[in-house]
Each structure stands twice: as structure tokens, then as C-alpha cells.
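Text of the file final_31.cif, holding mmCIF, C-alpha atoms:
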data_protein
#
loop_
_atom_site.group_PDB
_atom_site.id
_atom_site.type_symbol
_atom_site.label_atom_id
_atom_site.label_comp_id
_atom_site.auth_asym_id
_atom_site.auth_seq_id
_atom_site.Cartn_x
_atom_site.Cartn_y
_atom_site.Cartn_z
ATOM 1 C CA MET A 1107 89.227 94.436 126.093
ATOM 2 C CA LEU A 1108 88.498 97.376 123.831
ATOM 3 C CA ARG A 1109 92.215 97.983 123.447
ATOM 4 C CA GLY A 1110 92.635 94.533 121.922
ATOM 5 C CA LEU A 1111 89.688 95.179 119.621
ATOM 6 C CA TYR A 1112 91.305 98.379 118.349
ATOM 7 C CA THR A 1113 94.653 96.605 117.855
ATOM 8 C CA ALA A 1114 93.087 93.814 115.797
ATOM 9 C CA THR A 1115 91.104 96.318 113.727
ATOM 10 C CA ALA A 1116 94.256 98.297 112.976
ATOM 11 C CA GLY A 1117 95.861 95.058 111.844
ATOM 12 C CA MET A 1118 92.957 94.348 109.493
ATOM 13 C CA ILE A 1119 93.238 97.785 107.881
ATOM 14 C CA THR A 1120 96.996 97.386 107.452
ATOM 15 C CA GLN A 1121 96.687 93.941 105.884
ATOM 16 C CA GLN A 1122 93.981 95.186 103.540
ATOM 17 C CA ARG A 1123 96.359 97.872 102.262
ATOM 18 C CA ARG A 1124 99.145 95.317 101.880
ATOM 19 C CA HIS A 1125 96.776 93.100 99.904
ATOM 20 C CA ASP A 1126 95.742 96.037 97.693
ATOM 21 C CA THR A 1127 99.393 96.870 97.005
ATOM 22 C CA ALA A 1128 100.257 93.282 96.056
ATOM 23 C CA THR A 1129 97.166 93.084 93.837
ATOM 24 C CA GLN A 1130 98.172 96.327 92.121
ATOM 25 C CA ASN A 1131 101.592 94.863 91.339
ATOM 26 C CA ILE A 1132 100.097 91.668 89.915
ATOM 27 C CA VAL A 1133 97.602 93.554 87.747
ATOM 28 C CA ASN A 1134 100.403 95.704 86.274
ATOM 29 C CA MET A 1135 102.859 92.888 85.565
ATOM 30 C CA ASN A 1136 102.485 93.491 81.827
ATOM 31 C CA THR A 1137 102.285 97.292 81.997
ATOM 32 C CA THR A 1138 105.114 99.028 80.127
ATOM 33 C CA GLY A 1139 107.547 100.773 82.460
ATOM 34 C CA TYR A 1140 105.587 99.932 85.621
ATOM 35 C CA LYS A 1141 107.569 100.071 88.875
ATOM 36 C CA GLN A 1142 106.753 97.662 91.674
ATOM 37 C CA VAL A 1143 105.308 99.139 94.867
ATOM 38 C CA ASN A 1144 106.105 97.804 98.339
ATOM 39 C CA SER A 1145 103.928 98.568 101.347
ATOM 40 C CA VAL A 1146 105.806 99.637 104.491
ATOM 41 C CA SER A 1147 104.175 99.004 107.881
ATOM 42 C CA ARG A 1148 105.204 100.180 111.306
ATOM 43 C CA SER A 1149 103.854 99.909 114.828
ATOM 44 C CA PHE A 1150 102.198 102.619 116.838
ATOM 45 C CA PRO A 1151 104.322 104.102 119.657
ATOM 46 C CA GLU A 1152 104.624 101.796 122.636
ATOM 47 C CA MET A 1153 102.826 102.603 125.880
ATOM 48 C CA LEU A 1154 104.372 102.211 129.333
ATOM 49 C CA ILE A 1155 101.955 100.340 131.613
ATOM 50 C CA THR A 1156 102.132 101.116 135.332
ATOM 51 C CA LEU A 1157 100.188 99.845 138.331
ATOM 52 C CA VAL A 1158 97.620 102.243 139.789
ATOM 53 C CA GLY A 1159 97.059 101.887 143.538
ATOM 54 C CA GLY A 1160 98.022 98.647 145.211
ATOM 55 C CA ASP A 1161 100.759 98.184 147.804
ATOM 56 C CA ALA A 1162 102.665 101.427 148.255
ATOM 57 C CA ASN A 1163 105.739 99.468 149.404
ATOM 58 C CA LEU A 1164 106.284 97.839 146.029
ATOM 59 C CA PRO A 1165 109.768 98.675 144.654
ATOM 60 C CA THR A 1166 108.291 99.549 141.246
ATOM 61 C CA LYS A 1167 104.852 99.878 139.743
ATOM 62 C CA ARG A 1168 105.977 99.507 136.157
ATOM 63 C CA LEU A 1169 104.420 96.509 134.474
ATOM 64 C CA GLY A 1170 106.128 96.876 131.093
ATOM 65 C CA LYS A 1171 105.502 98.183 127.589
ATOM 66 C CA LEU A 1172 102.450 97.578 125.433
ATOM 67 C CA ASN A 1173 102.280 97.794 121.642
ATOM 68 C CA THR A 1174 98.959 99.271 120.547
ATOM 69 C CA GLY A 1175 98.823 98.184 116.910
ATOM 70 C CA VAL A 1176 100.267 98.616 113.440
ATOM 71 C CA PHE A 1177 99.534 100.812 110.442
ATOM 72 C CA ALA A 1178 100.542 100.989 106.794
ATOM 73 C CA GLU A 1179 102.847 103.996 106.790
ATOM 74 C CA GLU A 1180 103.582 104.400 103.073
ATOM 75 C CA SER A 1181 104.082 102.685 99.733
ATOM 76 C CA LEU A 1182 107.551 102.784 98.207
ATOM 77 C CA SER A 1183 108.282 102.382 94.500
ATOM 78 C CA MET A 1184 111.115 100.076 93.461
ATOM 79 C CA ASN A 1185 112.789 102.230 90.800
ATOM 80 C CA LEU A 1186 114.881 99.474 89.287
ATOM 81 C CA GLN A 1187 115.476 98.270 85.745
ATOM 82 C CA GLY A 1188 112.683 96.227 84.167
ATOM 83 C CA THR A 1189 112.988 93.608 81.444
ATOM 84 C CA ILE A 1190 113.833 95.005 77.990
ATOM 85 C CA MET A 1191 111.585 93.553 75.262
ATOM 86 C CA GLU A 1192 112.051 93.922 71.508
ATOM 87 C CA THR A 1193 109.015 95.223 69.590
ATOM 88 C CA GLY A 1194 110.515 96.240 66.259
ATOM 89 C CA GLN A 1195 108.433 99.426 66.258
ATOM 90 C CA LYS A 1196 110.259 102.638 65.334
ATOM 91 C CA ASN A 1197 108.261 104.680 67.844
ATOM 92 C CA ASP A 1198 109.113 102.433 70.813
ATOM 93 C CA PHE A 1199 112.036 103.367 73.057
ATOM 94 C CA SER A 1200 113.535 101.908 76.200
ATOM 95 C CA ILE A 1201 116.038 103.133 78.772
ATOM 96 C CA SER A 1202 118.754 100.886 80.169
ATOM 97 C CA SER A 1203 120.649 102.444 83.046
ATOM 98 C CA ASN A 1204 123.111 101.282 85.655
ATOM 99 C CA MET A 1205 124.476 104.474 87.126
ATOM 100 C CA THR A 1206 127.158 104.610 89.783
ATOM 101 C CA VAL A 1207 127.839 107.030 92.614
ATOM 102 C CA ASN A 1208 131.239 107.393 94.265
ATOM 103 C CA ASP A 1209 131.358 107.246 98.039
ATOM 104 C CA PRO A 1210 132.805 110.592 99.267
ATOM 105 C CA GLN A 1211 134.514 108.791 102.154
ATOM 106 C CA THR A 1212 136.297 106.092 100.167
ATOM 107 C CA GLY A 1213 136.183 107.428 96.611
ATOM 108 C CA GLN A 1214 134.963 104.017 95.437
ATOM 109 C CA PRO A 1215 131.630 103.249 93.745
ATOM 110 C CA VAL A 1216 128.800 102.781 96.220
ATOM 111 C CA PRO A 1217 127.741 99.084 96.400
ATOM 112 C CA PHE A 1218 123.976 99.379 95.894
ATOM 113 C CA ASP A 1219 121.852 96.436 96.972
ATOM 114 C CA ALA A 1220 119.132 94.712 94.942
ATOM 115 C CA SER A 1221 116.636 97.447 95.837
ATOM 116 C CA GLY A 1222 118.898 100.205 94.492
ATOM 117 C CA LYS A 1223 120.024 101.724 97.768
ATOM 118 C CA PHE A 1224 122.997 101.676 100.125
ATOM 119 C CA VAL A 1225 122.744 102.153 103.891
ATOM 120 C CA ARG A 1226 125.870 103.316 105.706
ATOM 121 C CA ALA A 1227 126.741 102.408 109.275
ATOM 122 C CA ASP A 1228 125.451 105.773 110.509
ATOM 123 C CA GLY A 1229 122.052 105.162 108.899
ATOM 124 C CA THR A 1230 122.558 107.475 105.906
ATOM 125 C CA VAL A 1231 120.807 106.117 102.817
ATOM 126 C CA THR A 1232 122.087 106.661 99.263
ATOM 127 C CA TYR A 1233 119.830 105.799 96.331
ATOM 128 C CA GLN A 1234 120.986 104.776 92.883
ATOM 129 C CA PRO A 1235 120.133 107.508 90.331
ATOM 130 C CA GLN A 1236 117.655 106.540 87.634
ATOM 131 C CA ALA A 1237 116.947 107.920 84.146
ATOM 132 C CA TYR A 1238 113.502 108.789 82.779
ATOM 133 C CA PHE A 1239 111.910 110.211 79.657
ATOM 134 C CA THR A 1240 110.847 113.808 80.251
ATOM 135 C CA VAL A 1241 107.258 114.698 79.355
ATOM 136 C CA GLN A 1242 104.928 117.657 79.777
ATOM 137 C CA ASP A 1243 101.169 117.423 80.260
ATOM 138 C CA ALA A 1244 98.473 119.758 78.930
ATOM 139 C CA ASP A 1245 98.768 121.977 82.026
ATOM 140 C CA GLY A 1246 102.497 122.510 81.483
ATOM 141 C CA ASN A 1247 103.593 120.278 84.351
ATOM 142 C CA THR A 1248 106.821 118.366 83.867
ATOM 143 C CA GLY A 1249 106.685 114.646 84.480
ATOM 144 C CA TYR A 1250 108.885 111.587 84.135
ATOM 145 C CA THR A 1251 108.131 108.142 82.741
ATOM 146 C CA ARG A 1252 109.810 104.899 81.669
ATOM 147 C CA ASP A 1253 106.987 104.101 79.253
ATOM 148 C CA GLY A 1254 108.640 104.681 75.882
ATOM 149 C CA HIS A 1255 105.675 103.749 73.688
ATOM 150 C CA PHE A 1256 105.368 107.074 71.826
ATOM 151 C CA GLU A 1257 102.977 108.275 69.158
ATOM 152 C CA ILE A 1258 103.394 110.860 66.392
ATOM 153 C CA THR A 1259 100.608 113.297 65.583
ATOM 154 C CA GLY A 1260 99.800 114.653 62.142
ATOM 155 C CA THR A 1261 101.845 117.758 62.948
ATOM 156 C CA GLY A 1262 104.910 115.708 63.918
ATOM 157 C CA GLN A 1263 104.604 116.084 67.688
ATOM 158 C CA LEU A 1264 105.990 113.182 69.689
ATOM 159 C CA LEU A 1265 103.525 112.194 72.415
ATOM 160 C CA SER A 1266 103.673 109.668 75.221
ATOM 161 C CA SER A 1267 101.073 106.914 75.567
ATOM 162 C CA THR A 1268 99.084 109.184 77.913
ATOM 163 C CA GLY A 1269 99.081 112.142 75.492
ATOM 164 C CA SER A 1270 101.834 114.195 77.140
ATOM 165 C CA GLN A 1271 104.408 115.949 74.979
ATOM 166 C CA VAL A 1272 107.841 114.345 74.915
ATOM 167 C CA LEU A 1273 110.513 116.960 75.645
ATOM 168 C CA ASP A 1274 114.024 117.278 74.259
ATOM 169 C CA ASN A 1275 117.164 118.046 76.243
ATOM 170 C CA ASN A 1276 116.349 121.772 76.079
ATOM 171 C CA GLY A 1277 112.927 121.329 77.624
ATOM 172 C CA GLN A 1278 111.095 121.886 74.341
ATOM 173 C CA PRO A 1279 108.511 119.539 72.762
ATOM 174 C CA VAL A 1280 109.995 117.164 70.200
ATOM 175 C CA VAL A 1281 108.580 117.856 66.729
ATOM 176 C CA LEU A 1282 109.522 115.663 63.765
ATOM 177 C CA THR A 1283 109.622 117.112 60.269
ATOM 178 C CA GLY A 1284 109.073 113.771 58.553
ATOM 179 C CA SER A 1285 107.821 110.251 59.179
ATOM 180 C CA VAL A 1286 109.285 108.155 61.976
ATOM 181 C CA GLU A 1287 110.851 105.812 59.390
ATOM 182 C CA GLN A 1288 113.157 108.666 58.343
ATOM 183 C CA PHE A 1289 114.681 108.995 61.782
ATOM 184 C CA LYS A 1290 116.872 106.878 63.952
ATOM 185 C CA VAL A 1291 117.692 107.365 67.631
ATOM 186 C CA ASP A 1292 121.169 106.414 68.782
ATOM 187 C CA GLU A 1293 122.155 105.148 72.238
ATOM 188 C CA GLN A 1294 122.538 108.705 73.570
ATOM 189 C CA GLY A 1295 119.033 109.668 72.503
ATOM 190 C CA ARG A 1296 120.138 111.774 69.513
ATOM 191 C CA LEU A 1297 117.846 111.805 66.487
ATOM 192 C CA VAL A 1298 119.728 111.252 63.234
ATOM 193 C CA ASP A 1299 118.662 110.799 59.630
ATOM 194 C CA ALA A 1300 118.173 107.078 59.012
ATOM 195 C CA ALA A 1301 119.531 107.302 55.455
ATOM 196 C CA THR A 1302 122.533 109.599 55.836
ATOM 197 C CA GLY A 1303 123.264 109.378 59.538
ATOM 198 C CA ALA A 1304 123.329 113.167 59.733
ATOM 199 C CA PRO A 1305 122.283 114.588 63.123
ATOM 200 C CA THR A 1306 119.023 116.496 63.218
ATOM 201 C CA GLY A 1307 120.013 118.598 66.208
ATOM 202 C CA VAL A 1308 117.287 117.050 68.381
ATOM 203 C CA THR A 1309 118.034 114.902 71.421
ATOM 204 C CA LEU A 1310 115.439 113.184 73.564
ATOM 205 C CA GLY A 1311 115.232 114.722 77.012
ATOM 206 C CA ILE A 1312 116.491 111.994 79.353
ATOM 207 C CA SER A 1313 116.305 113.229 82.943
ATOM 208 C CA VAL A 1314 118.520 111.724 85.620
ATOM 209 C CA ILE A 1315 116.887 111.737 89.074
ATOM 210 C CA ASP A 1316 119.500 111.651 91.815
ATOM 211 C CA GLN A 1317 116.955 110.653 94.486
ATOM 212 C CA PRO A 1318 114.315 108.503 92.766
ATOM 213 C CA ASN A 1319 112.724 107.777 96.141
ATOM 214 C CA GLN A 1320 111.366 111.345 95.999
ATOM 215 C CA LEU A 1321 109.362 110.662 92.834
ATOM 216 C CA VAL A 1322 105.603 110.908 93.338
ATOM 217 C CA ARG A 1323 103.460 108.430 91.411
ATOM 218 C CA GLN A 1324 100.851 110.256 89.316
ATOM 219 C CA GLY A 1325 99.247 107.248 87.645
ATOM 220 C CA ASN A 1326 99.481 105.856 84.111
ATOM 221 C CA GLY A 1327 103.221 105.328 84.497
ATOM 222 C CA ASN A 1328 103.952 109.014 85.121
ATOM 223 C CA PHE A 1329 105.881 110.500 88.024
ATOM 224 C CA SER A 1330 106.449 113.992 89.347
ATOM 225 C CA LEU A 1331 109.396 115.106 91.432
ATOM 226 C CA SER A 1332 109.039 116.248 95.008
ATOM 227 C CA ASP A 1333 111.890 118.602 95.921
ATOM 228 C CA GLU A 1334 111.023 118.837 99.616
ATOM 229 C CA ASN A 1335 114.241 117.011 100.534
ATOM 230 C CA GLY A 1336 116.431 118.566 97.851
ATOM 231 C CA ALA A 1337 115.861 116.017 95.075
ATOM 232 C CA THR A 1338 116.960 117.311 91.670
ATOM 233 C CA ALA A 1339 116.638 116.327 88.018
ATOM 234 C CA ARG A 1340 119.298 116.961 85.403
ATOM 235 C CA MET A 1341 119.664 116.076 81.766
ATOM 236 C CA MET A 1342 121.725 113.018 80.904
ATOM 237 C CA ALA A 1343 125.427 113.738 80.489
ATOM 238 C CA ALA A 1344 127.967 112.008 78.250
ATOM 239 C CA GLY A 1345 129.516 110.020 81.111
ATOM 240 C CA ASP A 1346 126.260 108.567 82.424
ATOM 241 C CA ASN A 1347 125.821 104.825 82.017
ATOM 242 C CA VAL A 1348 122.485 105.181 80.218
ATOM 243 C CA GLN A 1349 121.516 103.583 76.912
ATOM 244 C CA ILE A 1350 118.525 104.412 74.724
ATOM 245 C CA ARG A 1351 117.287 101.604 72.473
ATOM 246 C CA GLN A 1352 114.882 102.152 69.593
ATOM 247 C CA GLY A 1353 112.452 99.345 68.805
ATOM 248 C CA TYR A 1354 112.386 98.143 72.405
ATOM 249 C CA LEU A 1355 110.175 98.671 75.450
ATOM 250 C CA GLU A 1356 110.861 98.221 79.134
ATOM 251 C CA GLY A 1357 108.516 95.841 80.910
ATOM 252 C CA SER A 1358 107.546 96.041 84.547
ATOM 253 C CA ASN A 1359 109.990 95.098 87.291
ATOM 254 C CA VAL A 1360 107.366 93.208 89.302
ATOM 255 C CA ASP A 1361 108.541 89.980 90.930
ATOM 256 C CA ALA A 1362 105.512 87.788 90.218
ATOM 257 C CA SER A 1363 106.414 85.111 92.765
ATOM 258 C CA GLN A 1364 107.026 87.586 95.573
ATOM 259 C CA ALA A 1365 103.865 89.552 94.739
ATOM 260 C CA THR A 1366 101.793 86.361 94.954
ATOM 261 C CA VAL A 1367 103.369 85.419 98.282
ATOM 262 C CA ASP A 1368 102.731 88.922 99.659
ATOM 263 C CA MET A 1369 99.103 88.823 98.550
ATOM 264 C CA ASN A 1370 98.445 85.451 100.193
ATOM 265 C CA ALA A 1371 100.308 86.426 103.373
ATOM 266 C CA ALA A 1372 98.272 89.621 103.689
ATOM 267 C CA TYR A 1373 95.049 87.668 103.184
ATOM 268 C CA ARG A 1374 95.933 85.139 105.902
ATOM 269 C CA ALA A 1375 96.998 87.879 108.331
ATOM 270 C CA TYR A 1376 93.764 89.765 107.641
ATOM 271 C CA GLU A 1377 91.795 86.589 108.322
ATOM 272 C CA ALA A 1378 93.631 86.040 111.634
ATOM 273 C CA ASN A 1379 92.883 89.580 112.810
ATOM 274 C CA GLN A 1380 89.272 89.122 111.747
ATOM 275 C CA LYS A 1381 89.001 86.056 114.013
ATOM 276 C CA VAL A 1382 90.326 88.137 116.916
ATOM 277 C CA VAL A 1383 87.707 90.827 116.283
ATOM 278 C CA GLN A 1384 84.967 88.160 116.207
ATOM 279 C CA PHE A 1385 86.243 86.757 119.525
ATOM 280 C CA TYR A 1386 86.090 90.183 121.174
ATOM 281 C CA ASP A 1387 82.631 90.734 119.718
ATOM 282 C CA ARG A 1388 81.353 87.508 121.242
ATOM 283 C CA SER A 1389 83.000 88.332 124.577
ATOM 284 C CA LEU A 1390 81.381 91.761 124.675
ATOM 285 C CA GLU A 1391 78.038 90.256 123.713
ATOM 286 C CA LYS A 1392 78.270 87.778 126.573
ATOM 287 C CA ALA A 1393 79.315 90.502 129.019
ATOM 288 C CA VAL A 1394 76.321 92.653 128.089
ATOM 289 C CA ASN A 1395 73.619 90.007 127.696
ATOM 290 C CA GLU A 1396 74.612 87.421 130.311
ATOM 291 C CA VAL A 1397 76.914 88.938 132.922
ATOM 292 C CA GLY A 1398 74.792 92.081 133.049
ATOM 293 C CA ARG A 1399 71.748 90.062 134.208
ATOM 294 C CA VAL A 1400 73.525 88.491 137.170
#

Kindly present the structure from the file in C-alpha cells form.
Amino acid sequence: MLRGLYTATAGMITQQRRHDTATQNIVNMNTTGYKQVNSVSRSFPEMLITLVGGDANLPTKRLGKLNTGVFAEESLSMNLQGTIMETGQKNDFSISSNMTVNDPQTGQPVPFDASGKFVRADGTVTYQPQAYFTVQDADGNTGYTRDGHFEITGTGQLLSSTGSQVLDNNGQPVVLTGSVEQFKVDEQGRLVDAATGAPTGVTLGISVIDQPNQLVRQGNGNFSLSDENGATARMMAAGDNVQIRQGYLEGSNVDASQATVDMNAAYRAYEANQKVVQFYDRSLEKAVNEVGRV
């Protein structure tokens, strides 16, 4: 009986986390550069149930396998392109990317699915590389973001919406020597003089992450890179299918309909597990207060 109580409780905790994840996606539907999060659940290891005692002449005492519950293993970010929205502001920038990777076995481009990954027959997973603005916080830590709503300080420093310094392709903070109206950013992220078209020698630092699944969410639209599995970041090259657009921002990639369905499904599943817990509670109460008196 207690085993069933533990299983239902584990289900309640898992559904609560699923509900929290769906709610987080809905709340951030209008957040610039926000990436949808999906909750991944898995079951606990199965237990082999065998008969203890009984007839020794039985051919087998195995009764079968028992699943002992489920838990929310992790939350995965969907690092896919969001909707590009025009703002008309000179200090707003967006990244549009659709990068390809050639399959080493066939030499052809890898056919990524809608989630930005490709699973081979042997189980090997290849993720579509993604491009990010490179920023540096006050502690000197390098981060990555798709939120291109930048601000310019009185000294000409280009800052992200969270106050981090925007870096160029040499890893140095971008510092403007004039007003933002005097500069124009081309599709490769190069800053040029708006009047003459002359290059300024400064290029926005656009980092390409080959394994975006290794990015760690830091909050406020910022990510850090975990290199535990060999993930690397490199600056955008000339052949990369990446486009920088000035006067535009990237919206979130949240699927509103799916997020609403996930939230309601998690709520109903939580409610069902709650009913099971209440049933076990009443059964235990009866066993203690009524059966115990017999």
C-alpha cells in the first residue's frame, strides 16, 4: 500500500514541475529572445517482483516487473529561431540563423527536425548550431544571449538589457565614438559609418555554439556554456548562414497553443495523482482506526 502512495506522490511532484515549466513558457511569451523550455520525465528503474516462500515445486517464482514511479529528469531549452519583429530602433538587433552541418557519412546536409536535432539509427544525436550575441558580465564571465535590445552609456559602451558589456569579434567590449545614429550594422555584424559607409573596424561578436543543448540558462535571457561534453563556441565565419538585422528584435519561440495544452494536461494529471493519494490516506485511516480494533 505504501508503495502505491509513494508512486502517486512522485507523480504529483513531476506534474507540478511540468506545470511550472509550461507556466514559465506562457509568462515569457513576449520576452525578447526567450527560448521555450520543455520538461523531460522518465520512470524510476523497474523492480523484479518474485514470490517469497510458497510451493517449492513451482517452475518459477517470478511474478513480473513493477514500475515504482516517475520523476522530472531535466528541462531542455528549444534553441530555435523566434519571430523577428521590426522596432525601428537603431539600438535593436536580431539574429536570423539557419546553419547546416554536413553528415560525415554521406557528405550531405543533416536533415534537422523541427526541434533542431537529428537522431541517427545508432542513437547518435546531432544538434543544429545556433548563433548568439556575446556578452560579458561585471565579474568577467562570458555569456550568450539572443536579446538584442542594447543600450549605449554616456561613454559609448554598448550594453545588453541586463547591463552586460557587448563584446566584439575579438572579445573586447564594443565602444562607440559617436551617437548610435551615426552607425549602421550590416548583415555580417560590421559597424559602418551611416553617412559614408566606411567600416569602423568593429564587428559585433556573434558566437556560434556547435552544441546549443550544452548551454546553461542563467536567467534574464542569458546563457553560459558548459564544456563538460566538449561543446565549443567560435566567432561567426563568412560562410555561416547568419544574418544580423538592425532595427529588429527576436521574439520568443514559445508555441502558445502547445504551452496551454501542456499546462492543462499537467494540472489534470496532478489532480488524478492527488485522488490516488487521498484514496490511500482513507484506506490507511480505516486500517488503523477500524481494522485495528477488531

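The space between CA of Ile1258 (chain A) and CA of Val1281 (chain A) spans 8.7 Å.
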
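Interatomic distance, CA of Ser1203 (chain A) against CA of Gln1236 (chain A): 6.8 Å.
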
Exercise for the section: Using the chain letters and numbers from the file, give me the residues hit by the PyMOL selection byres ((chain A and resi 1141-1150) around 10), as a ChimeraX atom specification. Expected result: /A:1113,1116-1117,1120-1121,1123-1128,1130-1132,1134-1135,1137-1140,1151-1153,1172-1188,1252,1323,1327,1357-1361,1365,1368

Exercise for the section: Write out as a count of residues only the residues lying within 12 Å of Gly1262 (chain A), counting only C-alpha atoms and excluding same-chain residues fewer than 2 positions away. Expected result: 17

Completion exercise
Using only C-alpha atoms, the best pick from A:Ala1375, A:Asn1247, A:Val1216, A:Leu1154 as closest to Thr1232 (chain A) would be A:Val1216

Could you add the missing atoms to region 1334-1353 of chain A, up to N, CA and C atoms, and return them as an mmCIF file, in the coordinates of the input?
data_model
loop_
_atom_site.group_PDB
_atom_site.id
_atom_site.type_symbol
_atom_site.label_atom_id
_atom_site.label_comp_id
_atom_site.auth_asym_id
_atom_site.auth_seq_id
_atom_site.Cartn_x
_atom_site.Cartn_y
_atom_site.Cartn_z
ATOM 1 N N GLU A 1334 111.049 118.448 98.211
ATOM 2 C CA GLU A 1334 111.023 118.837 99.616
ATOM 3 C C GLU A 1334 112.344 118.506 100.314
ATOM 4 N N ASN A 1335 112.989 117.437 99.909
ATOM 5 C CA ASN A 1335 114.241 117.011 100.534
ATOM 6 C C ASN A 1335 115.442 117.251 99.624
ATOM 7 N N GLY A 1336 115.293 118.193 98.688
ATOM 8 C CA GLY A 1336 116.431 118.566 97.851
ATOM 9 C C GLY A 1336 116.667 117.679 96.658
ATOM 10 N N ALA A 1337 115.691 116.868 96.249
ATOM 11 C CA ALA A 1337 115.861 116.017 95.075
ATOM 12 C C ALA A 1337 115.918 116.885 93.821
ATOM 13 N N THR A 1338 116.777 116.529 92.891
ATOM 14 C CA THR A 1338 116.960 117.311 91.670
ATOM 15 C C THR A 1338 116.906 116.405 90.447
ATOM 16 N N ALA A 1339 116.623 117.024 89.305
ATOM 17 C CA ALA A 1339 116.638 116.327 88.018
ATOM 18 C C ALA A 1339 117.561 117.087 87.077
ATOM 19 N N ARG A 1340 118.391 116.352 86.370
ATOM 20 C CA ARG A 1340 119.298 116.961 85.403
ATOM 21 C C ARG A 1340 119.237 116.160 84.118
ATOM 22 N N MET A 1341 119.635 116.790 83.028
ATOM 23 C CA MET A 1341 119.664 116.076 81.766
ATOM 24 C C MET A 1341 120.860 115.118 81.712
ATOM 25 N N MET A 1342 120.686 114.036 81.013
ATOM 26 C CA MET A 1342 121.725 113.018 80.904
ATOM 27 C C MET A 1342 123.001 113.608 80.330
ATOM 28 N N ALA A 1343 124.118 113.273 80.944
ATOM 29 C CA ALA A 1343 125.427 113.738 80.489
ATOM 30 C C ALA A 1343 126.137 112.615 79.739
ATOM 31 N N ALA A 1344 127.246 112.974 79.090
ATOM 32 C CA ALA A 1344 127.967 112.008 78.250
ATOM 33 C C ALA A 1344 128.530 110.847 79.060
ATOM 34 N N GLY A 1345 128.905 111.076 80.310
ATOM 35 C CA GLY A 1345 129.516 110.020 81.111
ATOM 36 C C GLY A 1345 128.545 109.121 81.836
ATOM 37 N N ASP A 1346 127.252 109.392 81.725
ATOM 38 C CA ASP A 1346 126.260 108.567 82.424
ATOM 39 C C ASP A 1346 126.100 107.211 81.732
ATOM 40 N N ASN A 1347 125.986 106.176 82.547
ATOM 41 C CA ASN A 1347 125.821 104.825 82.017
ATOM 42 C C ASN A 1347 124.339 104.595 81.701
ATOM 43 N N VAL A 1348 123.882 105.263 80.642
ATOM 44 C CA VAL A 1348 122.485 105.181 80.218
ATOM 45 C C VAL A 1348 122.467 104.892 78.719
ATOM 46 N N GLN A 1349 121.614 103.973 78.320
ATOM 47 C CA GLN A 1349 121.516 103.583 76.912
ATOM 48 C C GLN A 1349 120.066 103.643 76.456
ATOM 49 N N ILE A 1350 119.839 104.337 75.327
ATOM 50 C CA ILE A 1350 118.525 104.412 74.724
ATOM 51 C C ILE A 1350 118.470 103.418 73.566
ATOM 52 N N ARG A 1351 117.416 102.619 73.522
ATOM 53 C CA ARG A 1351 117.287 101.604 72.473
ATOM 54 C C ARG A 1351 115.975 101.815 71.739
ATOM 55 N N GLN A 1352 116.068 101.987 70.423
ATOM 56 C CA GLN A 1352 114.882 102.152 69.593
ATOM 57 C C GLN A 1352 114.369 100.787 69.149
ATOM 58 N N GLY A 1353 113.034 100.629 69.157
ATOM 59 C CA GLY A 1353 112.452 99.345 68.805
ATOM 60 C C GLY A 1353 112.332 98.403 69.985
#
